[in-house]
Structures are given as C-alpha cells and as structure tokens.
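**Q** My file is work15.tsv. It has TSV, C-alpha atoms:
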chain	number	residue	atom	x	y	z
A	1	MET	CA	23.83	-8.20	31.53
A	2	SER	CA	22.91	-9.10	27.95
A	3	LYS	CA	22.60	-6.35	25.34
A	4	LYS	CA	19.14	-5.03	24.61
A	5	PRO	CA	17.72	-6.08	21.23
A	6	ALA	CA	18.25	-3.14	18.89
A	7	PHE	CA	15.42	-2.12	16.57
A	8	ALA	CA	15.60	0.23	13.60
A	9	VAL	CA	12.22	1.92	13.01
A	10	VAL	CA	11.65	3.46	9.58
A	11	LEU	CA	9.24	6.38	9.50
A	12	SER	CA	7.64	7.93	6.42
A	13	GLY	CA	6.63	11.40	7.56
A	14	CYS	CA	4.17	12.55	10.22
A	15	GLY	CA	0.46	11.96	9.80
A	16	VAL	CA	-1.71	9.16	8.49
A	17	TYR	CA	-2.69	10.71	5.13
A	18	ASP	CA	0.76	11.68	3.87
A	19	GLY	CA	3.28	10.15	6.29
A	20	ALA	CA	3.69	7.67	9.13
A	21	GLU	CA	0.57	6.82	11.14
A	22	ILE	CA	1.37	8.49	14.44
A	23	HIS	CA	-0.37	6.03	16.75
A	24	GLU	CA	1.27	3.06	15.05
A	25	ALA	CA	4.69	4.71	15.13
A	26	VAL	CA	4.56	5.81	18.77
A	27	LEU	CA	3.03	2.56	19.99
A	28	THR	CA	5.73	0.62	18.15
A	29	LEU	CA	8.39	2.62	19.98
A	30	LEU	CA	6.55	2.10	23.26
A	31	ALA	CA	6.33	-1.65	22.67
A	32	ILE	CA	10.05	-1.90	21.96
A	33	ASP	CA	10.91	-0.03	25.15
A	34	LYS	CA	8.30	-1.87	27.23
A	35	LEU	CA	9.57	-5.27	26.08
A	36	GLY	CA	13.18	-4.45	26.91
A	37	GLY	CA	14.55	-3.36	23.55
A	38	SER	CA	16.22	-0.22	22.28
A	39	TYR	CA	15.40	1.67	19.10
A	40	ALA	CA	16.72	4.18	16.60
A	41	CYS	CA	14.56	6.00	14.07
A	42	PHE	CA	15.33	6.49	10.40
A	43	ALA	CA	13.58	8.07	7.41
A	44	PRO	CA	14.57	8.78	3.83
A	45	ASP	CA	15.80	12.33	3.23
A	46	ILE	CA	13.42	13.00	0.33
A	47	ALA	CA	10.51	15.25	-0.53
A	48	GLN	CA	7.07	14.02	0.51
A	49	HIS	CA	4.90	12.96	-2.41
A	50	HIS	CA	2.39	15.61	-1.29
A	51	VAL	CA	1.04	17.26	1.83
A	52	VAL	CA	-2.49	16.65	3.10
A	53	ASN	CA	-4.39	18.92	5.49
A	54	HIS	CA	-5.39	16.43	8.17
A	55	LEU	CA	-8.32	18.58	9.29
A	56	THR	CA	-10.01	18.82	5.87
A	57	GLY	CA	-8.51	15.83	4.08
A	58	GLN	CA	-7.59	18.12	1.18
A	59	GLU	CA	-4.20	18.32	-0.52
A	60	SER	CA	-2.12	21.37	0.34
A	61	PRO	CA	0.24	23.18	-2.07
A	62	GLU	CA	3.10	23.28	0.45
A	63	LYS	CA	6.21	21.11	0.27
A	64	ARG	CA	7.66	19.03	3.10
A	65	ASN	CA	10.59	16.69	3.67
A	66	VAL	CA	10.05	13.11	4.88
A	67	LEU	CA	13.05	13.12	7.23
A	68	ALA	CA	12.16	16.51	8.74
A	69	GLU	CA	8.53	15.50	9.24
A	70	SER	CA	9.49	12.14	10.76
A	71	ALA	CA	11.72	14.01	13.24
A	72	ARG	CA	8.51	15.32	14.83
A	73	ILE	CA	7.65	11.79	15.98
A	74	ALA	CA	11.24	10.91	16.88
A	75	ARG	CA	11.64	14.12	18.93
A	76	GLY	CA	14.56	15.06	16.70
A	77	LYS	CA	16.52	11.87	17.31
A	78	ILE	CA	16.52	10.44	13.80
A	79	ALA	CA	18.98	9.70	11.01
A	80	PRO	CA	18.66	9.59	7.22
A	81	LEU	CA	17.91	6.09	6.03
A	82	SER	CA	20.97	6.28	3.78
A	83	ALA	CA	23.04	5.94	6.99
A	84	PHE	CA	21.34	2.69	8.06
A	85	ASP	CA	23.76	-0.15	8.79
A	86	ALA	CA	22.17	-3.58	9.18
A	87	SER	CA	25.10	-4.83	11.25
A	88	GLN	CA	24.12	-2.43	14.05
A	89	PHE	CA	20.56	-3.71	14.49
A	90	ASP	CA	18.74	-6.91	15.37
A	91	ALA	CA	15.41	-6.11	13.68
A	92	LEU	CA	13.82	-3.62	11.28
A	93	VAL	CA	10.27	-2.28	11.65
A	94	PHE	CA	7.96	-0.26	9.38
A	95	PRO	CA	4.89	1.39	10.95
A	96	GLY	CA	2.06	2.08	8.51
A	97	GLY	CA	0.27	5.18	7.33
A	98	PHE	CA	-0.13	6.34	3.73
A	99	GLY	CA	3.48	7.56	3.82
A	100	ALA	CA	4.62	3.94	3.62
A	101	ALA	CA	2.70	3.63	0.34
A	102	LYS	CA	3.36	7.17	-0.97
A	103	ASN	CA	6.86	8.10	0.19
A	104	LEU	CA	8.66	4.80	0.89
A	105	CYS	CA	7.21	3.33	-2.29
A	106	GLY	CA	4.54	4.17	-4.86
A	107	PHE	CA	2.08	1.43	-3.97
A	108	ALA	CA	-0.74	3.93	-3.34
A	109	PHE	CA	-0.51	5.07	-6.95
A	110	ASP	CA	0.94	2.21	-8.97
A	111	GLY	CA	-0.16	-0.84	-7.00
A	112	PRO	CA	1.83	-3.99	-7.78
A	113	ASP	CA	3.94	-2.12	-10.36
A	114	CYS	CA	5.23	0.37	-7.78
A	115	ALA	CA	8.81	1.49	-7.42
A	116	VAL	CA	10.50	1.42	-4.00
A	117	ASP	CA	12.76	4.15	-2.62
A	118	PRO	CA	16.36	2.90	-3.10
A	119	ASP	CA	17.35	3.38	0.55
A	120	VAL	CA	14.22	1.53	1.71
A	121	GLU	CA	14.94	-1.36	-0.63
A	122	LYS	CA	18.57	-1.47	0.47
A	123	ALA	CA	17.60	-1.56	4.17
A	124	VAL	CA	15.12	-4.40	3.67
A	125	LYS	CA	17.47	-6.44	1.51
A	126	SER	CA	20.44	-5.95	3.82
A	127	MET	CA	18.47	-7.17	6.83
A	128	HIS	CA	17.14	-10.10	4.85
A	129	ALA	CA	20.65	-11.01	3.68
A	130	ALA	CA	21.78	-10.97	7.33
A	131	ALA	CA	18.87	-13.28	8.30
A	132	LYS	CA	17.50	-10.63	10.65
A	133	PRO	CA	13.74	-10.19	11.21
A	134	ILE	CA	11.58	-7.48	9.67
A	135	GLY	CA	8.21	-6.25	10.94
A	136	ALA	CA	5.54	-4.19	9.21
A	137	LEU	CA	2.18	-2.75	10.28
A	138	CYS	CA	-0.95	-1.63	8.44
A	139	ILE	CA	-0.20	-1.02	4.71
A	140	ALA	CA	3.58	-1.39	5.11
A	141	PRO	CA	3.50	-5.18	4.47
A	142	ALA	CA	2.70	-4.35	0.83
A	143	LEU	CA	6.09	-2.65	0.64
A	144	ILE	CA	7.79	-5.73	2.05
A	145	ALA	CA	5.98	-7.94	-0.47
A	146	ARG	CA	7.31	-5.76	-3.28
A	147	VAL	CA	10.93	-6.10	-2.12
A	148	LEU	CA	10.96	-9.68	-0.83
A	149	HIS	CA	9.05	-11.86	-3.27
A	150	GLY	CA	7.15	-14.81	-1.86
A	151	GLY	CA	6.71	-13.36	1.61
A	152	GLU	CA	3.69	-14.34	3.68
A	153	VAL	CA	2.06	-11.19	5.11
A	154	THR	CA	-1.24	-9.63	6.19
A	155	ILE	CA	-2.88	-6.25	5.72
A	156	GLY	CA	-6.09	-7.45	7.36
A	157	ASN	CA	-8.93	-8.30	5.02
A	158	ASP	CA	-9.01	-5.71	2.21
A	159	ALA	CA	-9.53	-7.77	-0.94
A	160	GLY	CA	-8.07	-5.26	-3.41
A	161	THR	CA	-4.85	-4.76	-1.46
A	162	ALA	CA	-4.53	-8.49	-0.84
A	163	GLN	CA	-4.89	-9.13	-4.57
A	164	ALA	CA	-2.16	-6.58	-5.33
A	165	ILE	CA	0.14	-8.30	-2.83
A	166	GLU	CA	-0.48	-11.62	-4.55
A	167	LYS	CA	0.38	-10.02	-7.92
A	168	MET	CA	3.72	-8.98	-6.45
A	169	GLY	CA	4.44	-12.58	-5.53
A	170	GLY	CA	3.39	-12.27	-1.90
A	171	LYS	CA	1.11	-14.61	0.01
A	172	HIS	CA	-1.65	-12.80	1.86
A	173	GLN	CA	-3.33	-14.13	5.00
A	174	ILE	CA	-6.50	-12.61	6.46
A	175	ARG	CA	-6.03	-11.54	10.07
A	176	GLY	CA	-7.90	-9.54	12.71
A	177	HIS	CA	-7.08	-7.08	15.47
A	178	GLY	CA	-3.80	-7.79	17.23
A	179	GLU	CA	-3.07	-10.87	15.15
A	180	VAL	CA	0.33	-11.40	13.54
A	181	VAL	CA	1.28	-13.36	10.45
A	182	VAL	CA	4.72	-14.91	10.79
A	183	ASP	CA	6.81	-15.96	7.81
A	184	HIS	CA	9.50	-18.08	9.42
A	185	ALA	CA	11.43	-18.61	6.19
A	186	LEU	CA	11.83	-14.89	5.46
A	187	LYS	CA	11.68	-13.82	9.14
A	188	LEU	CA	8.72	-11.48	8.68
A	189	ALA	CA	6.08	-10.42	11.21
A	190	THR	CA	3.09	-8.34	10.04
A	191	SER	CA	-0.15	-7.11	11.62
A	192	PRO	CA	-3.15	-5.18	10.17
A	193	CYS	CA	-3.51	-2.31	12.69
A	194	TYR	CA	-5.37	0.61	11.01
A	195	MET	CA	-6.03	-1.33	7.82
A	196	LEU	CA	-8.95	-2.47	9.98
A	197	ASP	CA	-11.44	-0.18	11.73
A	198	ALA	CA	-9.56	-0.13	15.03
A	199	THR	CA	-9.34	1.55	18.41
A	200	ILE	CA	-6.04	2.85	19.73
A	201	SER	CA	-5.87	0.00	22.25
A	202	GLN	CA	-6.19	-2.49	19.38
A	203	ILE	CA	-3.32	-0.71	17.61
A	204	ALA	CA	-1.25	-1.02	20.78
A	205	GLN	CA	-2.00	-4.74	20.86
A	206	GLY	CA	-1.00	-5.20	17.23
A	207	ALA	CA	2.23	-3.24	17.67
A	208	GLU	CA	3.18	-5.07	20.86
A	209	ASN	CA	2.42	-8.51	19.42
A	210	THR	CA	4.50	-7.71	16.36
A	211	ILE	CA	7.48	-6.56	18.41
A	212	LYS	CA	7.13	-9.55	20.73
A	213	THR	CA	7.17	-11.85	17.69
A	214	LEU	CA	10.26	-10.14	16.26
A	215	MET	CA	12.05	-10.49	19.58
A	216	GLY	CA	11.37	-14.19	19.45
A	217	MET	CA	13.06	-14.35	16.05
A	218	ILE	CA	16.20	-12.48	17.10
A	219	ARG	CA	19.11	-14.86	17.46
Since I need it in another form, could you write the structure as structure tokens?
**A**
Amino acid sequence: MSKKPAFAVVLSGCGVYDGAEIHEAVLTLLAIDKLGGSYACFAPDIAQHHVVNHLTGQESPEKRNVLAESARIARGKIAPLSAFDASQFDALVFPGGFGAAKNLCGFAFDGPDCAVDPDVEKAVKSMHAAAKPIGALCIAPALIARVLHGGEVTIGNDAGTAQAIEKMGGKHQIRGHGEVVVDHALKLATSPCYMLDATISQIAQGAENTIKTLMGMIR
C-alpha cells in the first residue's frame, strides 16, 4: 500500500480575531483525512500579538502563547514550528484567521511592508526549495505572497488586500466560494474562504478543493 500524503498544517492561535480561524482549520484537517492524507500540526512558540474577546470583539489585557492556543484545535498533538522538517512532508497548508496576519506575520498592521516570523518564512522557503506544494486559505495567501515573490494567489475580491498583495510582487486573481487559484510554477493553491461572506459549508468546499488540488501536485 502506498504511503499517505503527509500534510503539515500551520496554525496561528485559536479564534478568528487573534488566531487561526477555527472552521477553516478543522475543515482543512477533515479534508486531509477524508481525501486519504495524514497531517501534523505546527505553530510558532511565540506570544500572540494580542488577545481579543470573541464575544465582545474588544481587546483583552491578558497574554497568550500561539503554540499553546493552537494546541486547543490540535487536541494537544502539535509541535513548535521550529521543529518543522520539510523532508518529512509532502505539502504545507496555512488556514486563515487574523492570526495568520497578526502572529505569523504583521500584514494586518504593516500591509505590504510586513515582517514574517522567521520560522514561518523558513518553513515556506524550505518547502518551495524542495518543489513541494503549499496551500493557503482566507488571508493567509498574503503571507505567502510576502515570502514567495511573484506568486499567483487569491483572497477573494477585497480590493485593498489585493492591491497590497500586488505591491509585494504577488499576482492576485478574483475568485468566489470554493474556487482555487493554482500557481503551477510555484506550486501554490489558494482559496478565499472567510475573506468572503461565507457559510460553513462553503468553507468546507474551499478547504476540500484546496487540499484536493495540493494532492494533485504531490509527486
């Protein structure tokens, strides 16, 4: 029996406003399992940029750790991103949520001039150097555009974000629910998910189509 395609999924906390978008993260894991793959979760072992009360939308004075928060989604089975080894995986995936733009990089604050967490940048570049595919949902394609210049991606149809991606050297394509932009040269697959006003079933479709596309790119 052939080995299951192995996916590394990078989380950015737990909760749409300050971490990983939970629906996108869980439905990505479900899609991988449903389509016959295996997965391992990673997150940077760093402090969250801030903590947001998801009931009120207001910032909270407490402090949280991105790895510890991401472990909530991964049910404790997660490793620090510093331990990521590209040789052990066939594809890399980034669910969205503001954590991708606040904790994995500073895109939410600095736009096209944002810095990227060193372990995130290393993971993306190591997979790219190995010619292995990378997927990103929601706002996470902006992070990919910052690291891999010239990549063709989508975040849906938000003009301001698309313009920022173009300023970083990316090529933005407008897409709708469940649709995937494929950059064959850089081996990227991206889908808008909650960058659009979406239902959970539309998020499931976007996640599954992205994973299906990545599986098609695995050698």
**Q** Quick one: distance from CA of Ile165 in chain A to CA of Phe7 in chain A in Å, one decimal?
**A**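 It comes out at 25.5 Å.
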**Q** Report, in Å to a single decimal, how far apart CA of His149 in chain A and CA of Val180 in chain A are.
**A**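 Those two atoms sit 18.9 Å apart.
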**Q** Given only C-alpha atoms as the basis, pick out the residue of A:Met195, A:Ala204, A:Leu35, A:Ala164 nearest to Gly111 in chain A.
**A** A:Ala164
**Q** Give as a count of residues only each residue that has an atom at most 6 Å from (1.1, -4.6, 7.4) in the file, counting all atoms listed in the file.
**A** 11
**Q** Give me, as CSV, the closest atom pair and its distance (Å, one decimal) for every residue of range 118-181 of chain A within a cut-off of 9 Å of range 98-109 of chain A, counting all atoms listed in the file, rows sorted by chain and rising number.
**A**
residue,atom,partner,partner_atom,distance
A:Pro118,CA,A:Leu104,CA,8.9
A:Asp119,CA,A:Leu104,CA,8.8
A:Val120,CA,A:Leu104,CA,6.5
A:Glu121,CA,A:Leu104,CA,8.9
A:Ile139,CA,A:Ala100,CA,7.0
A:Ala140,CA,A:Ala100,CA,5.6
A:Ala142,CA,A:Phe107,CA,7.5
A:Leu143,CA,A:Cys105,CA,6.8
A:Arg146,CA,A:Phe107,CA,8.9
**Q** Find the residues around Ser12 in chain A up to 9 Å (all atoms listed in the file counted), leave out those fewer than 2 positions away in its own chain, and share them as a PDB file with C-alpha atoms, in the frame of the given file.
**A**
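The resulting file, part-v1.pdb, is reproduced below:
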ATOM      1  CA  VAL A  10      11.650   3.460   9.580  1.00  0.00           C
ATOM      2  CA  CYS A  14       4.170  12.550  10.220  1.00  0.00           C
ATOM      3  CA  GLY A  15       0.460  11.960   9.800  1.00  0.00           C
ATOM      4  CA  ASP A  18       0.760  11.680   3.870  1.00  0.00           C
ATOM      5  CA  GLY A  19       3.280  10.150   6.290  1.00  0.00           C
ATOM      6  CA  ALA A  20       3.690   7.670   9.130  1.00  0.00           C
ATOM      7  CA  GLU A  21       0.570   6.820  11.140  1.00  0.00           C
ATOM      8  CA  PHE A  42      15.330   6.490  10.400  1.00  0.00           C
ATOM      9  CA  ALA A  43      13.580   8.070   7.410  1.00  0.00           C
ATOM     10  CA  PRO A  44      14.570   8.780   3.830  1.00  0.00           C
ATOM     11  CA  GLN A  48       7.070  14.020   0.510  1.00  0.00           C
ATOM     12  CA  VAL A  66      10.050  13.110   4.880  1.00  0.00           C
ATOM     13  CA  LEU A  67      13.050  13.120   7.230  1.00  0.00           C
ATOM     14  CA  GLU A  69       8.530  15.500   9.240  1.00  0.00           C
ATOM     15  CA  SER A  70       9.490  12.140  10.760  1.00  0.00           C
ATOM     16  CA  PHE A  94       7.960  -0.260   9.380  1.00  0.00           C
ATOM     17  CA  PRO A  95       4.890   1.390  10.950  1.00  0.00           C
ATOM     18  CA  GLY A  96       2.060   2.080   8.510  1.00  0.00           C
ATOM     19  CA  GLY A  97       0.270   5.180   7.330  1.00  0.00           C
ATOM     20  CA  PHE A  98      -0.130   6.340   3.730  1.00  0.00           C
ATOM     21  CA  GLY A  99       3.480   7.560   3.820  1.00  0.00           C
ATOM     22  CA  ALA A 100       4.620   3.940   3.620  1.00  0.00           C
ATOM     23  CA  ALA A 101       2.700   3.630   0.340  1.00  0.00           C
ATOM     24  CA  LYS A 102       3.360   7.170  -0.970  1.00  0.00           C
ATOM     25  CA  ASN A 103       6.860   8.100   0.190  1.00  0.00           C
ATOM     26  CA  LEU A 104       8.660   4.800   0.890  1.00  0.00           C
TER      27      LEU A 104
END
**Q** By how many Å are CA of Glu208 in chain A and CA of Arg175 in chain A apart?
**A**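 For CA of Glu208 in chain A relative to CA of Arg175 in chain A, the distance reads 15.6 Å.
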**Q** Point out the residue among A:Ile22, A:Ala74, A:Ala8, A:Ala159 with the least atom-to-atom distance to Gln173 in chain A, counting all atoms listed in the file.
**A**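 Closest residue, counting all atoms listed in the file: A:Ala159.
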**Q** Might you pull out every residue within 8 Å of Leu92 in chain A, with only C-alpha atoms counted and same-chain residues fewer than 5 positions away left off, and present them as a PyMOL selection string?
**A** chain A and resi 7-10+124+127+132-135
**Q** What lies within 8 Å of Gly176 in chain A using only C-alpha atoms, ignoring chain neighbours under 4 positions off, as a ChimeraX atom specification?
**A** /A:156-157,192,196
**Q** Which residue, A:Ile174, A:Ala91, A:Met215, A:Ala162, has the smallest gap to Ala6 in chain A when you use all atoms listed in the file?
**A**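 For Ala6 in chain A, the nearest of the candidates is A:Ala91.
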**Q** Rank nothing, just name the residue among A:Asp113, A:Ala198, A:Tyr17, A:Leu188 nearest to Gln58 in chain A, using all atoms listed in the file.
**A**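 The shortest atom-to-atom distance to Gln58 in chain A comes from A:Tyr17.
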**Q** When distances are computed from all atoms listed in the file, which of A:Tyr194, A:Phe84, A:Tyr39, A:Phe89 shows the smallest separation from Glu24 in chain A?
**A**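 Residue with the minimum atom-to-atom distance to Glu24 in chain A: A:Tyr194.
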**Q** Complete range 15-41 of chain A at the level of N, CA and C atoms, written as a PDB file, in the frame of the given file.
**A**
ATOM      1  N   GLY A  15       1.891  11.793  10.028  1.00  0.00           N
ATOM      2  CA  GLY A  15       0.460  11.960   9.800  1.00  0.00           C
ATOM      3  C   GLY A  15      -0.069  10.900   8.855  1.00  0.00           C
ATOM      4  N   VAL A  16      -1.206  10.339   9.186  1.00  0.00           N
ATOM      5  CA  VAL A  16      -1.710   9.160   8.490  1.00  0.00           C
ATOM      6  C   VAL A  16      -1.889   9.359   6.980  1.00  0.00           C
ATOM      7  N   TYR A  17      -2.318  10.544   6.540  1.00  0.00           N
ATOM      8  CA  TYR A  17      -2.690  10.710   5.130  1.00  0.00           C
ATOM      9  C   TYR A  17      -1.512  10.942   4.200  1.00  0.00           C
ATOM     10  N   ASP A  18      -0.383  11.397   4.750  1.00  0.00           N
ATOM     11  CA  ASP A  18       0.760  11.680   3.870  1.00  0.00           C
ATOM     12  C   ASP A  18       2.097  11.237   4.472  1.00  0.00           C
ATOM     13  N   GLY A  19       2.048  10.567   5.627  1.00  0.00           N
ATOM     14  CA  GLY A  19       3.280  10.150   6.290  1.00  0.00           C
ATOM     15  C   GLY A  19       3.062   8.920   7.144  1.00  0.00           C
ATOM     16  N   ALA A  20       3.837   8.789   8.200  1.00  0.00           N
ATOM     17  CA  ALA A  20       3.690   7.670   9.130  1.00  0.00           C
ATOM     18  C   ALA A  20       2.437   7.861   9.976  1.00  0.00           C
ATOM     19  N   GLU A  21       1.719   6.771  10.248  1.00  0.00           N
ATOM     20  CA  GLU A  21       0.570   6.820  11.140  1.00  0.00           C
ATOM     21  C   GLU A  21       1.119   7.009  12.549  1.00  0.00           C
ATOM     22  N   ILE A  22       0.728   8.094  13.195  1.00  0.00           N
ATOM     23  CA  ILE A  22       1.370   8.490  14.440  1.00  0.00           C
ATOM     24  C   ILE A  22       1.121   7.491  15.566  1.00  0.00           C
ATOM     25  N   HIS A  23      -0.098   7.012  15.700  1.00  0.00           N
ATOM     26  CA  HIS A  23      -0.370   6.030  16.750  1.00  0.00           C
ATOM     27  C   HIS A  23       0.470   4.776  16.546  1.00  0.00           C
ATOM     28  N   GLU A  24       0.497   4.274  15.325  1.00  0.00           N
ATOM     29  CA  GLU A  24       1.270   3.060  15.050  1.00  0.00           C
ATOM     30  C   GLU A  24       2.750   3.271  15.315  1.00  0.00           C
ATOM     31  N   ALA A  25       3.264   4.432  14.923  1.00  0.00           N
ATOM     32  CA  ALA A  25       4.690   4.710  15.130  1.00  0.00           C
ATOM     33  C   ALA A  25       5.026   4.806  16.611  1.00  0.00           C
ATOM     34  N   VAL A  26       4.268   5.601  17.347  1.00  0.00           N
ATOM     35  CA  VAL A  26       4.560   5.810  18.770  1.00  0.00           C
ATOM     36  C   VAL A  26       4.350   4.522  19.562  1.00  0.00           C
ATOM     37  N   LEU A  27       3.294   3.789  19.253  1.00  0.00           N
ATOM     38  CA  LEU A  27       3.030   2.560  19.990  1.00  0.00           C
ATOM     39  C   LEU A  27       4.041   1.465  19.654  1.00  0.00           C
ATOM     40  N   THR A  28       4.623   1.524  18.479  1.00  0.00           N
ATOM     41  CA  THR A  28       5.730   0.620  18.150  1.00  0.00           C
ATOM     42  C   THR A  28       6.943   0.932  19.013  1.00  0.00           C
ATOM     43  N   LEU A  29       7.266   2.217  19.129  1.00  0.00           N
ATOM     44  CA  LEU A  29       8.390   2.620  19.980  1.00  0.00           C
ATOM     45  C   LEU A  29       8.138   2.255  21.433  1.00  0.00           C
ATOM     46  N   LEU A  30       6.909   2.458  21.895  1.00  0.00           N
ATOM     47  CA  LEU A  30       6.550   2.100  23.260  1.00  0.00           C
ATOM     48  C   LEU A  30       6.699   0.590  23.489  1.00  0.00           C
ATOM     49  N   ALA A  31       6.231  -0.198  22.525  1.00  0.00           N
ATOM     50  CA  ALA A  31       6.330  -1.650  22.670  1.00  0.00           C
ATOM     51  C   ALA A  31       7.779  -2.110  22.751  1.00  0.00           C
ATOM     52  N   ILE A  32       8.633  -1.530  21.931  1.00  0.00           N
ATOM     53  CA  ILE A  32      10.050  -1.900  21.960  1.00  0.00           C
ATOM     54  C   ILE A  32      10.644  -1.608  23.339  1.00  0.00           C
ATOM     55  N   ASP A  33      10.376  -0.415  23.846  1.00  0.00           N
ATOM     56  CA  ASP A  33      10.910  -0.030  25.150  1.00  0.00           C
ATOM     57  C   ASP A  33      10.306  -0.891  26.268  1.00  0.00           C
ATOM     58  N   LYS A  34       9.003  -1.090  26.215  1.00  0.00           N
ATOM     59  CA  LYS A  34       8.300  -1.870  27.230  1.00  0.00           C
ATOM     60  C   LYS A  34       8.798  -3.308  27.304  1.00  0.00           C
ATOM     61  N   LEU A  35       9.145  -3.871  26.151  1.00  0.00           N
ATOM     62  CA  LEU A  35       9.570  -5.270  26.080  1.00  0.00           C
ATOM     63  C   LEU A  35      11.081  -5.442  26.249  1.00  0.00           C
ATOM     64  N   GLY A  36      11.769  -4.342  26.569  1.00  0.00           N
ATOM     65  CA  GLY A  36      13.180  -4.450  26.910  1.00  0.00           C
ATOM     66  C   GLY A  36      14.151  -4.232  25.764  1.00  0.00           C
ATOM     67  N   GLY A  37      13.669  -3.647  24.678  1.00  0.00           N
ATOM     68  CA  GLY A  37      14.550  -3.360  23.550  1.00  0.00           C
ATOM     69  C   GLY A  37      14.988  -1.907  23.516  1.00  0.00           C
ATOM     70  N   SER A  38      15.832  -1.598  22.550  1.00  0.00           N
ATOM     71  CA  SER A  38      16.220  -0.220  22.280  1.00  0.00           C
ATOM     72  C   SER A  38      15.862   0.077  20.827  1.00  0.00           C
ATOM     73  N   TYR A  39      15.763   1.353  20.482  1.00  0.00           N
ATOM     74  CA  TYR A  39      15.400   1.670  19.100  1.00  0.00           C
ATOM     75  C   TYR A  39      16.130   2.914  18.606  1.00  0.00           C
ATOM     76  N   ALA A  40      16.244   2.991  17.294  1.00  0.00           N
ATOM     77  CA  ALA A  40      16.720   4.180  16.600  1.00  0.00           C
ATOM     78  C   ALA A  40      15.797   4.407  15.424  1.00  0.00           C
ATOM     79  N   CYS A  41      15.477   5.666  15.158  1.00  0.00           N
ATOM     80  CA  CYS A  41      14.560   6.000  14.070  1.00  0.00           C
ATOM     81  C   CYS A  41      15.313   6.478  12.834  1.00  0.00           C
TER      82      CYS A  41
END
